[in-house]
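This is start-v7.txt. It holds compact mmCIF, C-alpha atoms.
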# COMPACT_ATOMS: atom_id res chain seq x y z
CA MET A 1 87.55 105.86 246.46
CA TYR A 2 84.00 104.56 246.23
CA GLY A 3 83.01 101.00 245.48
CA ARG A 4 80.45 100.23 242.80
CA ASN A 5 77.61 99.53 245.21
CA GLU A 6 78.27 102.63 247.30
CA LEU A 7 78.19 104.76 244.16
CA ILE A 8 74.82 103.27 243.24
CA ALA A 9 73.51 103.80 246.78
CA ARG A 10 74.64 107.45 246.69
CA TYR A 11 73.00 107.90 243.30
CA ILE A 12 69.70 106.43 244.58
CA LYS A 13 69.84 108.83 247.53
CA LEU A 14 70.54 111.73 245.18
CA ARG A 15 67.71 110.96 242.77
CA THR A 16 65.00 109.55 245.03
CA GLY A 17 65.87 110.56 248.58
CA LYS A 18 65.72 106.88 249.60
CA THR A 19 68.55 105.37 251.64
CA ARG A 20 69.96 102.03 250.52
CA THR A 21 72.99 100.24 251.99
CA ARG A 22 75.72 98.72 249.86
CA LYS A 23 74.52 95.25 250.90
CA GLN A 24 70.98 96.02 249.76
CA VAL A 25 72.27 97.21 246.40
CA SER A 26 74.49 94.13 246.03
CA SER A 27 71.64 91.78 246.90
CA HIS A 28 69.30 93.43 244.42
CA ILE A 29 71.90 93.25 241.64
CA GLN A 30 72.44 89.53 242.28
CA VAL A 31 68.71 88.77 242.28
CA LEU A 32 68.22 90.74 239.07
CA ALA A 33 71.27 89.07 237.51
CA ARG A 34 69.89 85.57 238.20
CA LYS A 35 66.57 86.59 236.66
CA ARG A 36 68.32 87.98 233.57
CA VAL A 37 70.39 84.80 233.18
CA ARG A 38 67.30 82.60 233.31
CA GLU A 39 65.56 84.76 230.71
CA TYR A 40 68.64 84.74 228.51
CA GLN A 41 69.14 80.99 228.75
CA THR A 42 65.50 80.43 227.79
CA GLY A 43 65.90 82.78 224.82
CA ILE A 44 69.10 81.12 223.60
CA LYS A 45 67.64 77.62 223.81
CA ALA A 46 64.60 78.72 221.82
CA MET A 47 66.71 80.20 219.01
CA ASN A 48 67.58 78.28 215.86
CA LEU A 49 71.30 77.92 216.61
CA ASP A 50 73.65 74.96 216.41
CA GLN A 51 74.69 73.43 219.72
CA VAL A 52 78.24 74.84 219.57
CA SER A 53 76.94 78.42 219.25
CA LYS A 54 74.48 77.89 222.11
CA ASP A 55 77.20 76.45 224.37
CA LYS A 56 79.51 79.34 223.54
CA ALA A 57 76.82 81.92 224.30
CA LEU A 58 75.89 80.30 227.61
CA GLN A 59 79.54 79.99 228.62
CA THR A 60 80.12 83.68 227.93
CA VAL A 61 77.22 84.57 230.23
CA ALA A 62 78.68 82.33 232.94
CA ASN A 63 81.90 84.38 232.83
CA LEU A 64 80.14 87.71 233.45
CA SER A 65 79.81 89.31 236.87
CA SER A 66 76.38 90.19 238.31
CA ALA A 67 76.87 93.89 237.47
CA GLN A 68 77.85 93.05 233.89
CA ILE A 69 74.83 90.78 233.47
CA VAL A 70 72.44 93.44 234.79
CA SER A 71 73.75 96.30 232.67
CA ALA A 72 75.26 94.71 229.57
CA SER A 73 73.43 94.87 226.27
CA VAL A 74 74.60 91.29 225.60
CA MET A 75 71.71 90.07 227.73
CA LYS A 76 69.38 90.64 224.81
CA PRO A 77 69.51 87.29 222.94
CA GLN A 78 70.94 87.92 219.52
CA PRO A 79 73.38 85.89 217.41
CA PRO A 80 76.25 86.06 217.14
CA PHE A 81 76.95 86.55 220.85
CA PRO A 82 79.06 89.69 221.37
CA PRO A 83 82.05 89.89 223.75
CA PRO A 84 81.58 91.06 227.36
CA VAL A 85 81.15 94.81 227.67
CA ARG A 86 83.89 96.82 229.38
CA PHE A 87 82.26 99.29 231.71
CA TRP A 88 85.31 101.29 232.74
CA PRO A 89 87.98 102.56 230.36
CA GLY A 90 90.67 100.58 232.15
CA PRO A 91 92.92 101.10 235.20
CA ILE A 92 95.40 103.92 235.53
CA PRO A 93 98.77 102.57 234.37
CA GLY A 94 100.39 100.60 237.16
CA GLN A 95 97.25 100.48 239.31
CA PRO A 96 95.22 97.42 240.29
CA GLY A 97 92.60 96.34 237.79
CA HIS A 98 89.66 96.92 240.11
CA SER A 99 90.46 100.21 241.81
CA GLN A 100 87.56 101.48 243.89
CA ASP A 101 87.70 105.07 242.78
CA ILE A 102 85.17 107.71 241.92
CA LYS A 103 83.81 106.70 238.54
CA PRO A 104 81.52 108.52 236.18
CA PHE A 105 78.14 107.15 235.19
CA ALA A 106 75.31 108.13 232.94
CA GLN A 107 72.69 110.33 234.57
CA THR A 108 69.50 108.46 233.69
CA PRO A 109 66.44 108.84 235.96
CA TYR A 110 66.39 106.26 238.75
CA THR A 111 63.24 104.47 239.82
CA THR A 112 62.56 102.77 243.14
CA LEU A 113 64.56 99.70 244.15
CA PRO A 114 62.05 96.97 243.17
CA ALA A 115 62.36 98.10 239.54
CA PRO A 116 65.29 96.89 237.39
CA VAL A 117 68.56 98.68 238.07
CA PRO A 118 69.12 101.23 235.24
CA THR A 119 72.11 101.27 232.95
CA SER A 120 73.81 103.88 235.11
CA ILE A 121 75.60 101.09 236.99
CA SER A 122 77.73 100.49 233.92
CA TYR A 123 79.66 103.63 234.95
CA GLU A 124 79.78 104.99 231.45
CA ALA A 125 81.07 108.53 231.27
CA LEU A 126 78.64 111.37 231.09
CA PRO A 127 78.43 112.95 227.62
CA PRO A 128 81.68 114.85 226.97
CA HIS A 129 81.73 118.58 227.24
CA ARG A 130 80.81 119.97 223.83
CA PRO A 131 83.01 122.81 222.62
CA SER A 132 81.35 125.96 221.34
CA ALA A 133 81.04 126.80 217.68
CA VAL A 134 84.28 128.75 217.91
CA ALA A 135 87.15 126.27 218.05
CA ALA A 136 88.45 126.09 221.63
CA PRO A 137 92.17 125.69 222.35
CA VAL A 138 93.20 122.03 222.13
CA TRP A 139 93.98 121.85 225.85
CA GLN A 140 90.71 123.36 227.10
CA ASP A 141 88.64 120.15 227.13
CA ARG A 142 91.57 117.81 227.73
CA THR A 143 93.42 119.35 230.69
CA ILE A 144 92.68 121.26 233.88
CA ALA A 145 91.78 124.55 232.23
CA SER A 146 89.00 127.13 232.15
CA ASP A 147 88.52 129.94 229.66
CA LYS A 148 91.03 132.11 231.53
CA LEU A 149 93.50 129.87 233.36
CA ARG A 150 95.22 126.52 232.86
CA LEU A 151 97.10 124.39 235.39
CA LEU A 152 100.44 123.48 233.83
CA GLU A 153 102.10 121.59 236.67
CA TYR A 154 101.50 120.60 240.28
CA SER A 155 103.62 118.66 242.75
CA ALA A 156 104.03 117.96 246.46
CA PHE A 157 107.46 116.65 247.39
CA MET A 158 110.17 115.97 249.94
CA GLU A 159 113.66 117.22 249.13
CA THR A 160 116.70 115.97 251.02
CA GLN A 161 120.17 117.50 250.94
CA ARG A 162 122.76 114.72 250.77
CA ASP A 163 125.82 116.98 250.72
CA ALA A 164 126.74 120.54 249.73
CA ASP A 165 125.89 119.99 246.05
CA THR A 166 123.58 116.97 246.01
CA TYR A 167 119.84 116.87 246.58
CA SER A 168 117.33 114.05 246.19
CA LYS A 169 113.64 114.66 245.54
CA HIS A 170 110.69 112.39 246.24
CA LEU A 171 107.34 113.26 244.64
CA PHE A 172 104.29 112.40 246.75
CA VAL A 173 101.93 113.59 243.99
CA HIS A 174 102.67 115.09 240.61
CA ILE A 175 100.83 116.48 237.58
CA GLY A 176 103.34 117.08 234.81
CA GLN A 177 103.14 119.40 231.85
CA SER A 178 101.45 117.91 228.78
CA SER A 179 100.83 118.81 225.16
CA PRO A 180 97.48 117.26 224.19
CA GLY A 181 96.30 116.96 220.60
CA TYR A 182 92.83 117.13 219.09
CA SER A 183 92.94 113.35 218.67
CA ASP A 184 93.24 112.89 222.45
CA PRO A 185 89.98 112.15 224.32
CA VAL A 186 88.25 114.93 226.24
CA LEU A 187 87.97 114.62 230.01
CA GLU A 188 85.32 112.36 231.49
CA SER A 189 82.71 113.94 233.75
CA VAL A 190 81.63 113.32 237.34
CA ASP A 191 78.54 114.80 238.97
CA VAL A 192 79.78 117.39 241.47
CA ARG A 193 77.00 116.40 243.90
CA GLN A 194 78.73 113.07 244.49
CA ILE A 195 81.49 114.82 246.41
CA TYR A 196 79.70 117.74 248.10
CA ASP A 197 79.92 115.98 251.46
CA LYS A 198 83.71 115.62 251.12
CA PHE A 199 84.20 119.38 251.38
CA PRO A 200 82.99 122.23 253.62
CA GLU A 201 79.36 123.26 253.15
CA LYS A 202 79.73 126.69 254.69
CA LYS A 203 80.71 129.90 252.91
CA GLY A 204 83.43 129.26 250.36
CA GLY A 205 82.67 125.55 250.16
CA LEU A 206 82.50 123.51 246.97
CA LYS A 207 78.70 123.69 246.64
CA GLU A 208 78.56 127.48 246.95
CA LEU A 209 81.51 127.92 244.60
CA TYR A 210 80.00 125.66 241.94
CA GLU A 211 76.65 127.41 242.04
CA LYS A 212 78.48 130.70 241.60
CA GLY A 213 80.47 129.33 238.63
CA PRO A 214 81.80 129.42 236.01
CA HIS A 215 81.13 125.68 235.70
CA ASN A 216 83.93 125.02 233.22
CA ALA A 217 86.47 125.94 235.93
CA PHE A 218 85.71 122.93 238.18
CA PHE A 219 87.71 119.70 238.19
CA LEU A 220 88.26 116.56 240.24
CA VAL A 221 91.73 114.99 240.49
CA LYS A 222 92.15 111.49 241.88
CA PHE A 223 95.73 111.04 243.11
CA TRP A 224 97.46 107.77 243.86
CA ALA A 225 100.15 109.16 246.18
CA ASP A 226 103.63 107.65 246.30
CA LEU A 227 104.49 106.88 249.92
CA SER A 228 107.28 104.46 249.11
CA GLY A 229 110.73 105.07 250.51
CA ASP A 230 111.70 106.51 253.86
CA LEU A 231 110.47 109.82 255.21
CA GLU A 232 113.16 111.97 256.73
CA GLU A 233 113.32 114.80 259.22
CA GLY A 234 115.91 117.36 260.17
CA SER A 235 117.46 120.59 258.94
CA GLY A 236 118.45 119.11 255.58
CA VAL A 237 114.89 118.04 254.66
CA PHE A 238 112.37 120.29 252.93
CA TYR A 239 108.68 119.50 252.35
CA GLY A 240 107.14 121.69 249.67
CA VAL A 241 104.48 122.26 247.03
CA SER A 242 105.03 123.79 243.60
CA SER A 243 102.46 124.79 241.01
CA GLN A 244 102.43 126.61 237.69
CA TYR A 245 99.59 128.21 235.74
CA SER A 246 99.15 129.93 232.39
CA GLY A 247 96.55 132.63 231.86
CA THR A 248 95.12 134.99 229.29
CA GLU A 249 95.15 138.14 231.45
CA ASN A 250 97.90 140.06 233.25
CA ILE A 251 96.33 139.88 236.70
CA THR A 252 97.19 138.94 240.26
CA ILE A 253 95.88 135.57 241.38
CA SER A 254 94.97 134.34 244.85
CA VAL A 255 95.46 130.62 245.51
CA SER A 256 93.52 129.16 248.45
CA THR A 257 94.35 125.59 249.50
CA LYS A 258 92.01 124.04 252.08
CA VAL A 259 92.86 120.74 253.76
CA CYS A 260 89.69 118.93 254.83
CA SER A 261 88.99 115.98 257.12
CA PHE A 262 85.54 114.36 257.16
CA GLY A 263 84.27 117.27 255.07
CA LYS A 264 85.47 119.90 257.56
CA GLN A 265 88.24 122.39 256.92
CA VAL A 266 91.22 121.91 259.24
CA VAL A 267 93.74 124.32 257.74
CA GLU A 268 93.88 126.83 254.88
CA LYS A 269 96.81 128.42 253.11
CA VAL A 270 96.34 131.50 250.91
CA GLU A 271 99.05 132.66 248.52
CA THR A 272 99.29 135.52 246.04
CA GLU A 273 101.16 135.41 242.74
CA TYR A 274 101.76 137.96 239.99
CA ALA A 275 101.88 137.27 236.25
CA ARG A 276 105.11 137.04 234.30
CA MET A 277 105.03 137.42 230.53
CA GLU A 278 106.61 134.43 228.77
CA GLY A 279 106.14 133.75 225.06
CA GLY A 280 103.13 136.04 224.87
CA LYS A 281 101.39 134.30 227.79
CA CYS A 282 100.89 135.22 231.43
CA VAL A 283 102.61 132.61 233.58
CA PHE A 284 102.11 132.26 237.33
CA ARG A 285 104.59 130.22 239.39
CA ILE A 286 104.38 129.23 243.03
CA HIS A 287 107.78 127.59 243.49
CA ARG A 288 108.81 125.54 246.52
CA SER A 289 106.08 126.81 248.81
CA PRO A 290 106.70 125.27 252.27
CA MET A 291 104.26 122.52 253.16
CA CYS A 292 102.27 123.29 256.32
CA GLU A 293 103.10 121.49 259.57
CA TYR A 294 99.71 119.76 259.60
CA MET A 295 100.38 118.11 256.24
CA ILE A 296 103.91 117.04 257.18
CA ASN A 297 102.65 115.39 260.38
CA PHE A 298 99.75 113.80 258.49
CA ILE A 299 102.11 112.22 255.93
CA HIS A 300 104.35 110.84 258.68
CA LYS A 301 101.43 109.34 260.60
CA LEU A 302 100.01 107.87 257.41
CA LYS A 303 103.37 106.35 256.50
CA HIS A 304 103.60 104.61 259.88
CA LEU A 305 100.40 102.63 259.32
CA PRO A 306 101.36 98.98 258.68
CA GLU A 307 99.06 98.25 255.70
CA LYS A 308 98.05 100.16 252.59
CA TYR A 309 94.36 99.39 253.13
CA MET A 310 94.65 101.19 256.48
CA MET A 311 96.18 104.20 254.75
CA ASN A 312 93.39 104.21 252.17
CA SER A 313 90.80 103.99 254.94
CA VAL A 314 92.22 107.20 256.41
CA LEU A 315 92.49 108.88 253.01
CA GLU A 316 88.82 108.09 252.33
CA ASN A 317 87.98 111.05 254.56
CA PHE A 318 90.88 113.32 253.57
CA THR A 319 90.51 115.84 250.75
CA ILE A 320 92.03 119.10 249.51
CA LEU A 321 90.20 121.93 247.77
CA GLN A 322 92.26 124.42 245.78
CA VAL A 323 90.61 127.59 244.49
CA VAL A 324 92.45 129.99 242.19
CA SER A 325 90.75 133.35 241.82
CA ASN A 326 91.32 136.86 240.50
CA ARG A 327 92.48 138.76 243.56
CA GLU A 328 90.79 141.99 242.48
CA THR A 329 87.41 140.69 241.27
CA GLN A 330 87.21 137.42 243.31
CA GLU A 331 86.20 135.60 240.10
CA THR A 332 86.89 131.86 240.28
CA LEU A 333 89.45 130.93 237.63
CA LEU A 334 90.03 127.30 238.64
CA CYS A 335 88.62 125.07 241.38
CA ILE A 336 90.26 121.67 241.86
CA ALA A 337 89.01 119.00 244.27
CA PHE A 338 91.74 116.52 245.21
CA VAL A 339 91.00 113.01 246.54
CA PHE A 340 93.58 110.38 247.39
CA GLU A 341 94.62 106.75 247.60
CA VAL A 342 98.04 105.19 248.08
CA SER A 343 99.85 104.17 244.92
CA THR A 344 100.71 100.52 244.45
CA SER A 345 102.55 101.22 241.22
CA GLU A 346 106.25 100.72 240.76
CA HIS A 347 106.16 103.87 238.65
CA GLY A 348 105.33 106.11 241.61
CA ALA A 349 102.58 108.71 241.85
CA GLN A 350 99.65 108.50 239.40
CA TYR A 351 96.59 110.66 238.78
CA HIS A 352 93.38 110.95 236.77
CA VAL A 353 91.41 114.11 235.97
CA TYR A 354 87.64 114.55 235.65
CA ARG A 355 85.48 117.53 234.78
CA LEU A 356 82.88 118.33 237.44
CA VAL A 357 79.37 118.79 236.06
CA LYS A 358 75.82 118.98 237.38
CA ASP A 359 73.10 117.41 235.21
Conversion result in structure tokens:
Amino acid sequence: MYGRNELIARYIKLRTGKTRTRKQVSSHIQVLARKRVREYQTGIKAMNLDQVSKDKALQTVANLSSAQIVSASVMKPQPPFPPPVRFWPGPIPGQPGHSQDIKPFAQTPYTTLPAPVPTSISYEALPPHRPSAVAAPVWQDRTIASDKLRLLEYSAFMETQRDADTYSKHLFVHIGQSSPGYSDPVLESVDVRQIYDKFPEKKGGLKELYEKGPHNAFFLVKFWADLSGDLEEGSGVFYGVSSQYSGTENITISVSTKVCSFGKQVVEKVETEYARMEGGKCVFRIHRSPMCEYMINFIHKLKHLPEKYMMNSVLENFTILQVVSNRETQETLLCIAFVFEVSTSEHGAQYHVYRLVKD
């Protein structure tokens, strides 16, 4: 969703209040990279290494990008020369290798632009959420879950009736049920302030909700939506959204879904669901909820754009904020910020989940 340089520019603005364009950031990185390379080459040549080792070290530097040169620890001359550092844990399966999405980075203090760019541009994840002394459930730090509620499944789909007994279903986005283990990694973190401007700032907006807490109930989901295939209309076509939650208390939940464009709310849908006891747990199901007319029209208009980059340009300013709360007490149980791109994967819709934090 954001390119590397835009993320850095936003971070500079956040930390220092100074405005820098993506081009200014890019230029500074390149200048700093050239300086680092010269320093490194001088250091390598002065070291007591055989010519083969020196050539190998210099060749490895030549293969690094400017951002890698600026932030990689390999720029400290030391034999043997280590392999290039990977800054990002890898693409989502089936996605392009250099997806411009929201990426986490370490929250180190940022100085003014003339100073060297800090290691935050390596986009390393913020320190993982540390569980309390009492062992937390295995899914609590690895899925979309707070102390009181867990998202089990979420999907937006188009269902078409072919004949009296045959239906076909196309999933635009989908989060399936999972059974994580303690060996699975915990969720990476993203600073919630990076996305404040993507959602309403007035009452009930993301900023106000996060300040109210609880902070462990806030998540960011990046969807790569599947817009392949033909969209259909008519009486035999149904556009819907289904979701399922599991909770610890027998309560009534309120689910607010706000569709936002350029950070402004354009439509909101509020639904109420009661708990059903299943296997000793309270399960909440919102099954085949009709998709609003605004969303159906938006999907059709998006689909008619000739190129995927055009679709992504539109989706850059399109977000959804879902807030699940206790209907009686208004306590926030889950808050999920959804951002989107178009999937280029042959495997259909993809997603990645982050925990929202504020350091």
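Computed from the coordinates, the CA of Ser254 in chain A to CA of Gln330 in chain A distance equals 8.5 Å.
Taking CA of Gly348 in chain A and CA of Lys169 in chain A as endpoints, the distance between them is 12.6 Å.
A straight line drawn from CA of Phe262 in chain A to CA of Phe318 in chain A is 6.5 Å long.
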Here's a test: counting all atoms listed in the file, identify every protein, DNA and RNA residue with an atom at most 12 Å from (98.0, 117.1, 256.0) in the file's coordinate frame, and state them as a compact mmCIF listing (two decimals) with C-alpha atoms, keeping the file's coordinate frame.
# COMPACT_ATOMS: atom_id res chain seq x y z
CA ALA A 156 104.03 117.96 246.46
CA TYR A 239 108.68 119.50 252.35
CA THR A 257 94.35 125.59 249.50
CA LYS A 258 92.01 124.04 252.08
CA VAL A 259 92.86 120.74 253.76
CA CYS A 260 89.69 118.93 254.83
CA SER A 261 88.99 115.98 257.12
CA GLN A 265 88.24 122.39 256.92
CA VAL A 266 91.22 121.91 259.24
CA VAL A 267 93.74 124.32 257.74
CA GLU A 268 93.88 126.83 254.88
CA LYS A 269 96.81 128.42 253.11
CA MET A 291 104.26 122.52 253.16
CA CYS A 292 102.27 123.29 256.32
CA GLU A 293 103.10 121.49 259.57
CA TYR A 294 99.71 119.76 259.60
CA MET A 295 100.38 118.11 256.24
CA ILE A 296 103.91 117.04 257.18
CA ASN A 297 102.65 115.39 260.38
CA PHE A 298 99.75 113.80 258.49
CA ILE A 299 102.11 112.22 255.93
CA HIS A 300 104.35 110.84 258.68
CA LYS A 301 101.43 109.34 260.60
CA LEU A 302 100.01 107.87 257.41
CA VAL A 314 92.22 107.20 256.41
CA LEU A 315 92.49 108.88 253.01
CA ASN A 317 87.98 111.05 254.56
CA PHE A 318 90.88 113.32 253.57
CA THR A 319 90.51 115.84 250.75
CA ILE A 320 92.03 119.10 249.51
CA PHE A 340 93.58 110.38 247.39
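Shell of Glu153 in chain A at 10 Å, with all atoms listed in the file counted and residues fewer than 3 places along the chain excluded, is Ile144, Arg150, His174, Ile175, Gly176, Gln177, Ser178, Ser242, Ser243, Gln244, Tyr245, Ser246 and Arg285 of chain A.
The closest residue to Pro290 in chain A, picked from A:Ile251, A:Lys203, A:Phe157, A:Phe218 and counting only C-alpha atoms, is A:Phe157.
Minimum atom-to-atom distance to Met310 in chain A, evaluated using only C-alpha atoms, belongs to A:Val342 out of A:Leu231, A:Val342, A:Ala145, A:Leu58.
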Might you pull out every residue within 10 Å of Leu334 in chain A, with only C-alpha atoms counted and same-chain residues fewer than 5 positions away left off, and present them as an mmCIF file with C-alpha atoms, keeping the file's coordinate frame?
data_model
loop_
_atom_site.group_PDB
_atom_site.id
_atom_site.type_symbol
_atom_site.label_atom_id
_atom_site.label_comp_id
_atom_site.auth_asym_id
_atom_site.auth_seq_id
_atom_site.Cartn_x
_atom_site.Cartn_y
_atom_site.Cartn_z
ATOM 1 C CA ILE A 144 92.680 121.260 233.880
ATOM 2 C CA ALA A 145 91.780 124.550 232.230
ATOM 3 C CA SER A 146 89.000 127.130 232.150
ATOM 4 C CA ASP A 147 88.520 129.940 229.660
ATOM 5 C CA LYS A 148 91.030 132.110 231.530
ATOM 6 C CA LEU A 149 93.500 129.870 233.360
ATOM 7 C CA ARG A 150 95.220 126.520 232.860
ATOM 8 C CA LEU A 151 97.100 124.390 235.390
ATOM 9 C CA GLY A 213 80.470 129.330 238.630
ATOM 10 C CA PRO A 214 81.800 129.420 236.010
ATOM 11 C CA HIS A 215 81.130 125.680 235.700
ATOM 12 C CA ASN A 216 83.930 125.020 233.220
ATOM 13 C CA ALA A 217 86.470 125.940 235.930
ATOM 14 C CA PHE A 218 85.710 122.930 238.180
ATOM 15 C CA PHE A 219 87.710 119.700 238.190
ATOM 16 C CA VAL A 255 95.460 130.620 245.510
ATOM 17 C CA GLN A 322 92.260 124.420 245.780
ATOM 18 C CA VAL A 323 90.610 127.590 244.490
ATOM 19 C CA VAL A 324 92.450 129.990 242.190
ATOM 20 C CA SER A 325 90.750 133.350 241.820
ATOM 21 C CA ASN A 326 91.320 136.860 240.500
#
Revision key, fill the gap. Val190 in chain A proximity check over A:Lys303, A:His170, A:His28, A:Lys222, using all atoms listed in the file: winner is A:Lys222
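Compared by their closest atoms to Lys212 in chain A, and using all atoms listed in the file, the residues A:Leu333, A:Arg276, A:Asn5, A:Gln140 rank with A:Leu333 nearest.
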